[in-house]
Each structure stands twice: as structure tokens, then as C-alpha cells.
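See below for the structure under consideration.
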Amino acid sequence: MRSKLIYWLVYSGMWLFSALPFRILYMLSDLNYLLMYRVGKYRRKVVRGNLLRSFPEKTDAERLQIERKFYRYLSDYMLEDLKLLHMSAEELCERMTYKNTEQYLELTEKYGGIIVMIPHYANYEWLIGMGAIMKPGDVPVQVYKPLRDKYLDELFKRIRSRFGGYNIPKAREIIKLKHDGKKMVVGLITDQWPSGYDKYWTTFLGQETGFLNGAERIAKMMNFPVFYCELSKKRRGYCEAEFKLMTETPKETREGEITEMFAHRLEQTIRKEPAYWLWSHKRWKMTREEADRLEEKELNKKKE
């Protein structure tokens with residue numbers, strides 16, 4: 001009961017806060033940037049470590065410039081995400097524009113669905129408005145990991161389903177949607193640290209990095225073409241998403257090839273404008289050897 005009350009109090013406060021115009025929100029974001037970066041020093045060690053490992057060729061001054069720009073972006077992102085509670089579909093479509101939608105729609109129609117691999121970059125949460133560019137009856141699907149707190153989980157699902165999106169925790173629900181005759185676009189965030197045993201390792205930003213391979217497995221299971229979502233921040237409060245086809249025939253690709261293509265394209269995106277990736281995320285939690293040892297230890301425990 002207490003958690004439910006807290007949920008509704010938080011939700012009501014966030015909803016009222018999100019009603020503020022962007023002009024006011026960005027004034028608050030400037031203040032939040034100072035508090036987060038200068039005073040609280042939110043995850044500064046993580047950010048600096050990630051930037052140093054990823055850009056050893058840059059000078060300290062160049063990395064510091066990226067760091068400061070990142071924190072300004074992060075502060076904006078937090079409030080822009082909150083604004084989703086109050087934005088209309090029309091306003092969202094004005095601020096998040098899409099390119100190469102013709103091929104996107106054509107292949108959705110042809111195969112009954114497509115996979116869109118999405119990075120933690122720019123205004124990626126605003127992609128929940130993708131339903132506006134799809135045909136009536138087709139559905140945008142988001143595969144996500146449920147949060148432990150059921151009320152917080154409900155809050156995020158409420159935000160992410162405002163524009164007709166499906167939030168599903170398990171890939172097998174995609175099969176059910178297909179059996180029900182639904183045509184779909186399946187969006188998966190693919191660049192976070194991969195928990196569990198399903199990892200694909202490659203060199204990314206100059207270092208050995210594990211990637212989730214769930215998007216690749218779903219694409220092959222459903223035989224859905226795979227797109228990379230190229231995000232670019234045009235200016236404050238405005239973003240562009242371009243859907244770039246990586247493969248129309250996922251079953252013909254070798255193991256790991258699709259994930260490798262995603263990692264390569266994401267690195268190109270980051271190197272063009274590095275400040276807009278989520279550097280505060282603990283992306284490199286362990287080396288491949290450490291991850292292998294941990295997995296082996298966990299498997300041995302299960303056998304005992």
C-alpha cells in the first residue's frame with residue numbers, strides 16, 4: 001500500500017512537472033547541470049574512465065570538453081524524458097523526425113516485421129513515437145527488462161506506451177503477436193552491459209567489449225530484416241532518427257555478424273559526436289576473461 005501511494009505521488013508530481021513548457025524545463029536543466037556536475041559530481045569517475053579508455057589519443061582538454069558537453073546533454077535528456085508524460089503525438093513528431101521510412105515500411109509489410117537496433121544515444125527515448133509513422137494496425141514493440149519495483153516498472157511502462165507501443169519482457173511474446181496477425185517494428189536497446197550468458201565479444205572503441213546478442217537471435221528466429229537506428233541531435237530539443245538497413249536476410253548471416261555490424265555503426269556514430277552517448281553507464285564492468293571466470297563459477301554452483 002505504501003509503495004502504491006508513493007507511486008501515485010511521484011507520478012502526479014512528475015506529470016505536473018512535465019506540463020512546464022520546454023523553455024522553463026531547459027532553464028531548470030541548466031541549474032540541474034551545475035548541481036549534478038559541479039556539486040554532486042554524479043558518476044564523474046565512471047565518465048572520465050570511460051572517456052579515457054575510449055579516446056586515449058585525445059588530449060585531457062579535449063576529453064574534458066566532451067565530458068562537460070555530455071553532462072549538459074544528460075541533464076537535458078532527463079527532463080526531455082520526463083516531458084514524454086505530457087507531450088502530444090504532434091509535438092513529439094515535430095521534435096523527433098524520421099528518415100528512410102519508405103524502406104522501413106516496405107520491409108515491415110513484406111516480412112510482417114523488422115528489428116531496429118537502438119543505442120543509448122541522443123533522444124533515444126523519444127523513439128516511442130514511431131507508431132506515428134507506421135500503418136494503422138501495425139504495432140511498435142519494445143523488448144525491455146522489467147524493473148524489480150513493480151510500481152516503478154509500471155511508471156516506465158506507462159510512459160513508454162503512451163503512443164501505442166507494446167512493452168514486452170520476453171521475446172516469445174513476439175511470436176504470439178505474429179500469430180495474431182500483427183505486423184510490427186521491434187525496437188531493442190543493444191549497447192548496454194550484457195547480463196547473463198548471451199554475450200558477443202568484439203573490439204569497440206579500442207577495447208574488448210561484450211554486447212547483447214538478443215536482437216540478432218530474435219531477427220533470425222522471426223526472419224525479420226534488421227535496421228540500425230542512426231540518431232543525431234540537431235539542436236536542443238530536436239532529434240533525427242534514420243533507419244539504415246543492415247541486412248534483409250538475417251538467417252544468411254554468420255553467427256555474430258549482425259551484432260558486429262551494430263557495434264561498428266555505433267562506434268561511427270559516437271566518433272562523429274561523442275558527447276551524446278551514455279558515458280555514465282558502467283559499460284565495461286569486466287574483461288572477457290573475468291566474465292568467463294564468473295560464468296564458469298556460476299555454472300559450477302548450479303551443478304553442485
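In the C-alpha cells, each chain is lettered A, B, ... as it comes, each chain's residues begin at 1, and ligands are numbered from 1 in order of appearance.
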Query raised in the report: Could you pull the residues within 12 Å of segment 287-296 of chain A, counting only C-alpha atoms, minus those fewer than 2 positions along the same chain, as JSON, numbers by chain?
Result: {"A": [193, 194, 195, 196, 197, 198, 199, 200, 201, 202, 203, 207, 208, 209, 210, 211, 283, 284, 285, 298, 299, 300, 301, 302, 303]}
Query raised in the report: Which residues come within 9 Å of Thr269 of chain A, counting only C-alpha atoms, excluding same-chain residues fewer than 5 positions away, as a ChimeraX atom specification?
Result: /A:121,230-232,264,274
Restrict the selected residues to N, CA and C atoms and save them as a PDB file, in the first residue's frame.
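What ended up in part-v1.pdb:
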ATOM      1  N   TYR A 121      21.689   6.770 -27.232  1.00  0.00           N
ATOM      2  CA  TYR A 121      22.302   7.939 -27.871  1.00  0.00           C
ATOM      3  C   TYR A 121      21.236   8.998 -28.118  1.00  0.00           C
ATOM      4  N   GLU A 230      20.172   5.231 -36.624  1.00  0.00           N
ATOM      5  CA  GLU A 230      21.187   6.298 -36.556  1.00  0.00           C
ATOM      6  C   GLU A 230      20.525   7.547 -35.976  1.00  0.00           C
ATOM      7  N   LEU A 231      20.885   7.877 -34.738  1.00  0.00           N
ATOM      8  CA  LEU A 231      20.314   9.039 -34.062  1.00  0.00           C
ATOM      9  C   LEU A 231      21.282  10.213 -34.119  1.00  0.00           C
ATOM     10  N   SER A 232      20.748  11.378 -34.330  1.00  0.00           N
ATOM     11  CA  SER A 232      21.585  12.579 -34.312  1.00  0.00           C
ATOM     12  C   SER A 232      20.804  13.718 -33.668  1.00  0.00           C
ATOM     13  N   HIS A 264      29.960  -1.689 -35.003  1.00  0.00           N
ATOM     14  CA  HIS A 264      30.744  -0.860 -35.924  1.00  0.00           C
ATOM     15  C   HIS A 264      30.012   0.448 -36.229  1.00  0.00           C
ATOM     16  N   PRO A 274      30.778  12.531 -29.911  1.00  0.00           N
ATOM     17  CA  PRO A 274      30.859  11.632 -28.754  1.00  0.00           C
ATOM     18  C   PRO A 274      30.054  12.047 -27.531  1.00  0.00           C
TER      19      PRO A 274
END
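Using only C-alpha atoms, the smallest distance between any of A:Leu105, A:Leu64, A:Ala171, A:Leu82 and Ala132 of chain A comes from A:Leu105.
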Report task. Can you work out the spacing between atom CA of Met36 of chain A and atom CA of Leu85 of chain A in Å, to one decimal? Result ->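 Rounded to one decimal, the two atoms are 22.9 Å apart.
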Query raised in the report: Lys99 of chain A: which residues within 8 Å, counting only C-alpha atoms, same-chain residues fewer than 2 positions away excluded, as a count of residues only?
Result: 6
Query raised in the report: In terms of the shortest atom-to-atom distance over only C-alpha atoms, which of A:Val143, A:Leu16, A:Ala275, A:Met134 is closest to Leu107 of chain A?
Result: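 When distances to Leu107 of chain A are compared using only C-alpha atoms, the smallest one comes from A:Met134.
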Query raised in the report: Which one is closest to Gly129 of chain A: A:Met117, A:Ile24, A:Val185, A:Leu155? Count only C-alpha atoms.
Result: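 Looking only at the distances to Gly129 of chain A, the closest residue turns out to be A:Val185.
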Requested in this report: DSSP on the backbone, then: every residue of segment 14-186 of chain A marked strand (DSSP E or B), written as number ranges by chain.
Outcome: A: 96-99, 113-118, 121, 139-143, 166-168, 184-186
**Report entry** Using only C-alpha atoms: which of A:Met246, A:Leu266, A:Val46, A:Met222 has the shortest distance to Tyr111 of chain A
**Finding:**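 With only C-alpha atoms as the atom set, the closest residue is A:Met222.
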